[in-house]
Each structure stands twice: as C-alpha cells, then as structure tokens.
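Peer 1: I am sharing structure29.cif, which consists of mmCIF, N, CA and C atoms and all ligand atoms:
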```cif
data_start
loop_
_atom_site.label_atom_id
_atom_site.label_comp_id
_atom_site.auth_asym_id
_atom_site.auth_seq_id
_atom_site.Cartn_x
_atom_site.Cartn_y
_atom_site.Cartn_z
N MET A 1 -91.92 -74.35 -96.81
CA MET A 1 -92.79 -74.23 -95.65
C MET A 1 -92.51 -72.89 -94.96
N GLU A 2 -93.52 -72.13 -94.78
CA GLU A 2 -93.35 -70.80 -94.22
C GLU A 2 -93.37 -70.86 -92.70
N ARG A 3 -93.40 -69.73 -92.05
CA ARG A 3 -93.64 -69.63 -90.61
C ARG A 3 -92.59 -70.29 -89.71
N GLY A 4 -91.40 -70.47 -90.25
CA GLY A 4 -90.35 -70.94 -89.35
C GLY A 4 -90.46 -72.39 -88.91
N CYS A 5 -91.31 -73.17 -89.57
CA CYS A 5 -91.40 -74.58 -89.20
C CYS A 5 -90.05 -75.27 -89.38
N TYR A 6 -89.31 -74.81 -90.39
CA TYR A 6 -88.02 -75.42 -90.69
C TYR A 6 -87.04 -75.33 -89.54
N SER A 7 -87.12 -74.20 -88.82
CA SER A 7 -86.07 -73.98 -87.82
C SER A 7 -86.09 -75.07 -86.76
N CYS A 8 -87.23 -75.64 -86.51
CA CYS A 8 -87.27 -76.74 -85.55
C CYS A 8 -87.34 -78.11 -86.23
N HIS A 9 -88.12 -78.19 -87.29
CA HIS A 9 -88.35 -79.52 -87.87
C HIS A 9 -87.35 -79.88 -88.96
N GLY A 10 -86.41 -78.99 -89.26
CA GLY A 10 -85.37 -79.31 -90.23
C GLY A 10 -85.68 -78.77 -91.62
N ASN A 11 -84.64 -78.52 -92.40
CA ASN A 11 -84.79 -77.91 -93.73
C ASN A 11 -85.67 -78.73 -94.66
N ASN A 12 -85.66 -80.02 -94.51
CA ASN A 12 -86.51 -80.86 -95.33
C ASN A 12 -87.61 -81.50 -94.49
N ALA A 13 -87.92 -80.86 -93.39
CA ALA A 13 -88.92 -81.38 -92.46
C ALA A 13 -88.60 -82.81 -92.06
N GLU A 14 -87.28 -83.11 -92.07
CA GLU A 14 -86.87 -84.47 -91.76
C GLU A 14 -86.75 -84.70 -90.25
N GLY A 15 -86.93 -83.62 -89.50
CA GLY A 15 -86.86 -83.75 -88.06
C GLY A 15 -85.43 -83.68 -87.55
N MET A 16 -85.28 -83.28 -86.32
CA MET A 16 -83.98 -83.35 -85.66
C MET A 16 -84.17 -83.25 -84.15
N HIS A 17 -83.24 -83.81 -83.44
CA HIS A 17 -83.33 -83.84 -81.98
C HIS A 17 -84.73 -84.27 -81.55
N VAL A 18 -85.36 -83.44 -80.72
CA VAL A 18 -86.68 -83.82 -80.21
C VAL A 18 -87.79 -83.47 -81.19
N TYR A 19 -87.44 -82.80 -82.30
CA TYR A 19 -88.48 -82.35 -83.21
C TYR A 19 -88.80 -83.44 -84.23
N PRO A 20 -90.04 -83.85 -84.26
CA PRO A 20 -90.38 -85.00 -85.12
C PRO A 20 -90.29 -84.70 -86.61
N LYS A 21 -90.00 -85.74 -87.36
CA LYS A 21 -90.05 -85.67 -88.81
C LYS A 21 -91.49 -85.41 -89.22
N LEU A 22 -91.67 -84.53 -90.22
CA LEU A 22 -93.02 -84.21 -90.67
C LEU A 22 -93.28 -84.66 -92.10
N SER A 23 -92.21 -84.71 -92.89
CA SER A 23 -92.41 -85.02 -94.30
C SER A 23 -92.87 -86.45 -94.51
N ASN A 24 -93.73 -86.63 -95.48
CA ASN A 24 -94.26 -87.93 -95.86
C ASN A 24 -95.02 -88.65 -94.75
N ARG A 25 -95.49 -87.90 -93.80
CA ARG A 25 -96.33 -88.49 -92.76
C ARG A 25 -97.78 -88.40 -93.22
N ALA A 26 -98.61 -89.26 -92.68
CA ALA A 26 -100.02 -89.30 -93.10
C ALA A 26 -100.68 -87.93 -92.88
N LYS A 27 -101.34 -87.47 -93.93
CA LYS A 27 -102.00 -86.16 -93.88
C LYS A 27 -103.01 -86.10 -92.73
N GLY A 28 -103.77 -87.15 -92.56
CA GLY A 28 -104.79 -87.15 -91.51
C GLY A 28 -104.17 -87.01 -90.13
N PHE A 29 -103.06 -87.67 -89.93
CA PHE A 29 -102.38 -87.60 -88.65
C PHE A 29 -101.87 -86.19 -88.38
N LEU A 30 -101.22 -85.60 -89.39
CA LEU A 30 -100.66 -84.26 -89.22
C LEU A 30 -101.77 -83.24 -88.99
N THR A 31 -102.87 -83.41 -89.70
CA THR A 31 -104.01 -82.50 -89.53
C THR A 31 -104.53 -82.60 -88.10
N TYR A 32 -104.69 -83.83 -87.66
CA TYR A 32 -105.18 -84.07 -86.30
C TYR A 32 -104.29 -83.40 -85.27
N LYS A 33 -102.95 -83.59 -85.43
CA LYS A 33 -102.03 -83.02 -84.47
C LYS A 33 -102.08 -81.50 -84.48
N LEU A 34 -102.07 -80.92 -85.69
CA LEU A 34 -102.04 -79.46 -85.77
C LEU A 34 -103.32 -78.85 -85.20
N LYS A 35 -104.45 -79.50 -85.45
CA LYS A 35 -105.70 -78.95 -84.90
C LYS A 35 -105.71 -79.07 -83.38
N ARG A 36 -105.14 -80.14 -82.88
CA ARG A 36 -105.04 -80.26 -81.42
C ARG A 36 -104.14 -79.17 -80.85
N PHE A 37 -103.02 -78.93 -81.48
CA PHE A 37 -102.13 -77.87 -80.98
C PHE A 37 -102.84 -76.53 -81.05
N ARG A 38 -103.59 -76.34 -82.14
CA ARG A 38 -104.28 -75.06 -82.31
C ARG A 38 -105.32 -74.87 -81.20
N ASP A 39 -105.90 -75.95 -80.76
CA ASP A 39 -106.86 -75.88 -79.65
C ASP A 39 -106.15 -75.85 -78.31
N LYS A 40 -104.85 -75.66 -78.36
CA LYS A 40 -104.03 -75.56 -77.14
C LYS A 40 -104.05 -76.84 -76.32
N ILE A 41 -104.17 -77.96 -76.99
CA ILE A 41 -104.11 -79.24 -76.30
C ILE A 41 -102.73 -79.84 -76.55
N SER A 42 -102.04 -80.18 -75.50
CA SER A 42 -100.76 -80.85 -75.69
C SER A 42 -100.65 -81.98 -74.69
N ASP A 43 -99.93 -83.00 -75.07
CA ASP A 43 -99.80 -84.16 -74.20
C ASP A 43 -98.56 -84.11 -73.34
N ASN A 44 -97.65 -83.24 -73.70
CA ASN A 44 -96.44 -83.14 -72.90
C ASN A 44 -95.84 -81.75 -73.08
N GLN A 45 -94.81 -81.48 -72.32
CA GLN A 45 -94.26 -80.14 -72.32
C GLN A 45 -93.65 -79.75 -73.66
N GLN A 46 -93.06 -80.72 -74.34
CA GLN A 46 -92.45 -80.38 -75.62
C GLN A 46 -93.49 -79.90 -76.61
N GLN A 47 -94.67 -80.47 -76.53
CA GLN A 47 -95.70 -80.08 -77.47
C GLN A 47 -96.20 -78.66 -77.23
N GLU A 48 -96.01 -78.16 -76.01
CA GLU A 48 -96.41 -76.78 -75.73
C GLU A 48 -95.74 -75.82 -76.70
N MET A 49 -94.52 -76.16 -77.09
CA MET A 49 -93.77 -75.33 -78.04
C MET A 49 -94.54 -75.13 -79.34
N MET A 50 -95.22 -76.17 -79.75
CA MET A 50 -95.91 -76.15 -81.03
C MET A 50 -97.15 -75.27 -81.00
N ILE A 51 -97.72 -75.10 -79.83
CA ILE A 51 -98.99 -74.38 -79.74
C ILE A 51 -98.84 -72.97 -80.30
N ALA A 52 -97.76 -72.31 -79.92
CA ALA A 52 -97.54 -70.94 -80.37
C ALA A 52 -97.53 -70.85 -81.90
N PHE A 53 -97.08 -71.92 -82.55
CA PHE A 53 -97.00 -71.88 -84.00
C PHE A 53 -98.29 -72.33 -84.66
N ALA A 54 -99.08 -73.08 -83.94
CA ALA A 54 -100.30 -73.61 -84.53
C ALA A 54 -101.49 -72.68 -84.35
N VAL A 55 -101.49 -71.83 -83.33
CA VAL A 55 -102.67 -71.01 -83.07
C VAL A 55 -103.02 -70.10 -84.23
N GLY A 56 -102.01 -69.65 -84.98
CA GLY A 56 -102.29 -68.73 -86.07
C GLY A 56 -102.77 -69.40 -87.35
N LEU A 57 -102.85 -70.71 -87.37
CA LEU A 57 -103.17 -71.42 -88.61
C LEU A 57 -104.68 -71.54 -88.82
N SER A 58 -105.10 -71.30 -90.07
CA SER A 58 -106.50 -71.52 -90.41
C SER A 58 -106.65 -72.95 -90.90
N ASP A 59 -107.88 -73.41 -91.06
CA ASP A 59 -108.10 -74.75 -91.60
C ASP A 59 -107.41 -74.88 -92.95
N GLU A 60 -107.46 -73.79 -93.72
CA GLU A 60 -106.85 -73.82 -95.04
C GLU A 60 -105.33 -73.94 -94.94
N ASN A 61 -104.73 -73.18 -94.02
CA ASN A 61 -103.29 -73.29 -93.80
C ASN A 61 -102.91 -74.72 -93.47
N ILE A 62 -103.68 -75.32 -92.57
CA ILE A 62 -103.38 -76.68 -92.13
C ILE A 62 -103.50 -77.64 -93.29
N ASP A 63 -104.54 -77.44 -94.10
CA ASP A 63 -104.74 -78.30 -95.25
C ASP A 63 -103.56 -78.18 -96.22
N ASN A 64 -103.14 -76.94 -96.48
CA ASN A 64 -102.01 -76.73 -97.38
C ASN A 64 -100.73 -77.35 -96.84
N LEU A 65 -100.49 -77.10 -95.56
CA LEU A 65 -99.26 -77.60 -94.94
C LEU A 65 -99.21 -79.12 -94.95
N THR A 66 -100.32 -79.74 -94.58
CA THR A 66 -100.29 -81.19 -94.46
C THR A 66 -100.21 -81.85 -95.84
N THR A 67 -100.84 -81.22 -96.83
CA THR A 67 -100.72 -81.75 -98.19
C THR A 67 -99.27 -81.63 -98.65
N PHE A 68 -98.70 -80.48 -98.39
CA PHE A 68 -97.30 -80.24 -98.76
C PHE A 68 -96.38 -81.26 -98.10
N LEU A 69 -96.60 -81.49 -96.82
CA LEU A 69 -95.71 -82.40 -96.10
C LEU A 69 -95.90 -83.84 -96.55
N TYR A 70 -97.15 -84.20 -96.74
CA TYR A 70 -97.45 -85.57 -97.14
C TYR A 70 -96.82 -85.90 -98.49
N GLU A 71 -96.87 -84.91 -99.40
CA GLU A 71 -96.36 -85.14 -100.76
C GLU A 71 -94.88 -84.79 -100.89
N PHE A 72 -94.31 -84.35 -99.79
CA PHE A 72 -92.94 -83.85 -99.85
C PHE A 72 -91.96 -84.85 -100.47
N VAL A 73 -91.19 -84.35 -101.42
CA VAL A 73 -90.15 -85.19 -102.01
C VAL A 73 -88.84 -84.44 -101.88
N GLU A 74 -87.92 -85.06 -101.27
CA GLU A 74 -86.62 -84.43 -101.10
C GLU A 74 -85.96 -84.29 -102.46
N GLU A 75 -85.37 -83.14 -102.70
CA GLU A 75 -84.72 -82.94 -103.99
C GLU A 75 -83.65 -83.99 -104.21
N LYS A 76 -83.53 -84.42 -105.44
CA LYS A 76 -82.49 -85.41 -105.77
C LYS A 76 -81.14 -84.91 -105.29
N ASN A 77 -80.33 -85.81 -104.88
CA ASN A 77 -79.01 -85.48 -104.33
C ASN A 77 -79.12 -84.68 -103.04
N GLY A 78 -80.22 -84.82 -102.38
CA GLY A 78 -80.48 -84.16 -101.11
C GLY A 78 -79.76 -82.85 -100.92
N LYS A 79 -80.50 -81.80 -100.82
CA LYS A 79 -79.88 -80.50 -100.60
C LYS A 79 -79.06 -80.54 -99.33
N LYS A 80 -77.87 -80.02 -99.41
CA LYS A 80 -77.01 -79.99 -98.23
C LYS A 80 -77.34 -78.77 -97.38
N TYR A 81 -77.05 -78.86 -96.14
CA TYR A 81 -77.18 -77.68 -95.30
C TYR A 81 -76.22 -76.63 -95.81
N ASP A 82 -76.54 -75.39 -95.55
CA ASP A 82 -75.73 -74.27 -96.00
C ASP A 82 -74.26 -74.51 -95.63
N ASP A 83 -73.42 -74.61 -96.64
CA ASP A 83 -72.01 -74.86 -96.33
C ASP A 83 -71.15 -73.65 -96.68
N SER A 84 -71.81 -72.49 -96.76
CA SER A 84 -71.07 -71.29 -97.14
C SER A 84 -70.40 -70.64 -95.93
N PHE A 85 -70.54 -71.29 -94.80
CA PHE A 85 -69.94 -70.75 -93.58
C PHE A 85 -68.45 -70.53 -93.75
N LYS A 86 -67.99 -69.34 -93.37
CA LYS A 86 -66.56 -69.06 -93.46
C LYS A 86 -66.02 -68.86 -92.05
N SER A 87 -64.91 -69.48 -91.80
CA SER A 87 -64.36 -69.33 -90.46
C SER A 87 -63.75 -67.95 -90.31
N GLN A 88 -63.66 -67.51 -89.10
CA GLN A 88 -63.15 -66.18 -88.81
C GLN A 88 -61.62 -66.15 -88.92
N GLY A 89 -61.10 -64.97 -89.15
CA GLY A 89 -59.65 -64.80 -89.12
C GLY A 89 -58.99 -65.24 -90.41
N ASP A 90 -57.69 -65.15 -90.45
CA ASP A 90 -56.98 -65.44 -91.69
C ASP A 90 -56.52 -66.90 -91.75
N GLY A 91 -56.86 -67.63 -90.77
CA GLY A 91 -56.56 -69.05 -90.81
C GLY A 91 -55.09 -69.38 -90.62
N GLY A 92 -54.29 -68.40 -90.24
CA GLY A 92 -52.88 -68.67 -90.01
C GLY A 92 -52.72 -69.73 -88.93
N SER A 93 -51.85 -70.68 -89.16
CA SER A 93 -51.78 -71.76 -88.19
C SER A 93 -50.60 -71.61 -87.26
C1 LIG A 101 -90.10 -73.97 -81.61
C2 LIG A 101 -89.89 -75.20 -82.37
C3 LIG A 101 -91.00 -75.62 -83.32
C4 LIG A 101 -91.49 -74.92 -84.39
C5 LIG A 101 -91.07 -73.55 -84.90
C6 LIG A 101 -92.47 -75.77 -85.02
N1 LIG A 101 -92.58 -76.94 -84.32
FE1 LIG A 101 -93.82 -78.52 -84.79
N2 LIG A 101 -93.18 -79.51 -83.12
C7 LIG A 101 -92.23 -79.07 -82.24
C8 LIG A 101 -92.11 -80.04 -81.19
C9 LIG A 101 -91.16 -79.95 -80.01
C10 LIG A 101 -93.06 -81.07 -81.48
C11 LIG A 101 -93.45 -82.36 -80.79
C12 LIG A 101 -92.95 -82.76 -79.52
C13 LIG A 101 -93.45 -84.08 -79.06
O1 LIG A 101 -94.51 -84.55 -79.52
O2 LIG A 101 -92.77 -84.63 -78.23
C14 LIG A 101 -93.70 -80.71 -82.71
C15 LIG A 101 -94.66 -81.50 -83.31
C16 LIG A 101 -95.27 -81.19 -84.50
C17 LIG A 101 -96.24 -82.02 -85.16
C18 LIG A 101 -96.74 -83.38 -84.67
C19 LIG A 101 -95.84 -84.44 -85.22
C20 LIG A 101 -95.81 -85.69 -84.41
O3 LIG A 101 -95.17 -86.64 -84.87
O4 LIG A 101 -96.40 -85.74 -83.34
C21 LIG A 101 -96.63 -81.39 -86.28
C22 LIG A 101 -97.63 -81.88 -87.32
C23 LIG A 101 -95.88 -80.14 -86.34
N3 LIG A 101 -95.06 -80.05 -85.24
C24 LIG A 101 -95.99 -79.21 -87.35
C25 LIG A 101 -95.35 -77.97 -87.36
C26 LIG A 101 -95.61 -76.94 -88.34
C27 LIG A 101 -96.55 -77.09 -89.54
C28 LIG A 101 -94.86 -75.86 -87.99
C29 LIG A 101 -94.84 -74.48 -88.65
C30 LIG A 101 -96.14 -73.81 -88.63
C31 LIG A 101 -94.11 -76.22 -86.80
N4 LIG A 101 -94.44 -77.51 -86.44
C32 LIG A 101 -93.20 -75.41 -86.14
C33 LIG A 101 -91.50 -77.89 -82.33
C34 LIG A 101 -91.70 -76.88 -83.28
#
```
Translate the structure described by the file into structure tokens.
Peer 2:
Amino acid sequence: MERGCYSCHGNNAEGMHVYPKLSNRAKGFLTYKLKRFRDKISDNQQQEMMIAFAVGLSDENIDNLTTFLYEFVEEKNGKKYDDSFKSQGDGGS
C-alpha cells in the first residue's frame, strides 16, 4: 500500500491504537469511507486526519486500494516488525 497508509494503519493494515484495521474489510464499506473522506466529510476529529490522505485519491486509486485491502492475506508466519534495531553504545553493563 503506497502513500503512507501503513504508518497509521499498520504494516499489514491490521490497525493500531485509534487507527482502524483495514485489511479484509468489506470493499463497499472502505470505498464509501474513502469517498466520504475525499469529500472532506468526517464524523469526528480523528477522521479529519484521513481527509488529507484521501483528497489526492482518484476513483481508480480507491478501487485499487479497496480491492487490495479486501483481498489482503497476511503472509504466512506473519511478517514481524523490523527487528534490525540496534541499541546504542557498546552494551557494557
Ligand atoms: C495520519 C494517520 C493516517 C494515515 C496516514 C492514513 N489514515 Fe486512514 N484513518 C486514520 C484514522 C485516525 C481513521 C479513523 C478514525 C475514526 O474513524 O475514528 C482512519 C480511517 C480510515 C478508513 C475508515 C475505516 C473505518 O473503519 O472507519 C479507511 C478506509 C482508511 N482510513 C483508509 C486509509 C488509506 C487507504 C490510507 C492511505 C491512502 C490511509 N487511511 C492513511 C488515520 C490515517
């Protein structure tokens, strides 16, 4: 998924914190929501965040995104979050 959707909705669009899960949700529902955001309609303050990301989407983008999300299958053995993080310093205790 392009356009930074992952940064809020999670690497597998599984959602986190206040950001809803998007994967495997009904295509019609997701389309409806994205078109509403694109029309700058939001029901609450959190949804205002989405408007900035939805305004640039064309009908085709929305169709592609919602198809992708609806059909989304998490890779077997679920991809782990990046674990290459290295702690600072020499680790002397
Ligand atoms: C800045 C963080 C952020 C980014 C980036 C973002 N979203 Fe969201 N998104 C949200 C929040 C917050 C909500 C809903 C809040 C609520 O309804 O309470 C939301 C809701 C949604 C919903 C409605 C889901 C539902 O259950 O109501 C869809 C669909 C969605 N986002 C798709 C996307 C797509 C596609 C992208 C990439 C183009 C994207 N989002 C990028 C924060 C973000």
Peer 1: As a quick test: using only N, CA and C atoms and all ligand atoms, which residues lie no more than 6.5 Å away from ligand LIG 101 (chain A)? Give them as a list in words.
Peer 2: Glu2, Arg3, Gly4, Cys5, Tyr6, Ser7, Cys8, His9, Val18, Tyr19, Pro20, Lys21, Leu22, Phe29, Leu30, Thr31, Lys33, Leu34, Gln46, Gln47, Met49, Met50, Phe53, Ala54 and Leu65 of chain A
Peer 1: Rank nothing, just name the residue among A:Lys35, A:Ser42, A:Ser23, A:Val73 nearest to Glu60 (chain A), using only C-alpha atoms.
Peer 2: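 Smallest separation from Glu60 (chain A) among the options: A:Lys35.
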Peer 1: List the neighbours of Ala52 (chain A) out to 9 Å using only C-alpha atoms; skip same-chain residues closer than 5 positions along the sequence, and give me the result as a ChimeraX atom specification.
Peer 2: /A:37-38,40
Peer 1: To one decimal place in Å, what is the distance between CA of Asn12 (chain A) and CA of Asn64 (chain A)?
Peer 2: 16.2 Å
Peer 1: Go through A:Gly10, A:Gly56, A:Ile41, A:Arg25 and flag the residue nearest Phe68 (chain A), using all atoms listed in the file for the distances.
Peer 2: A:Arg25
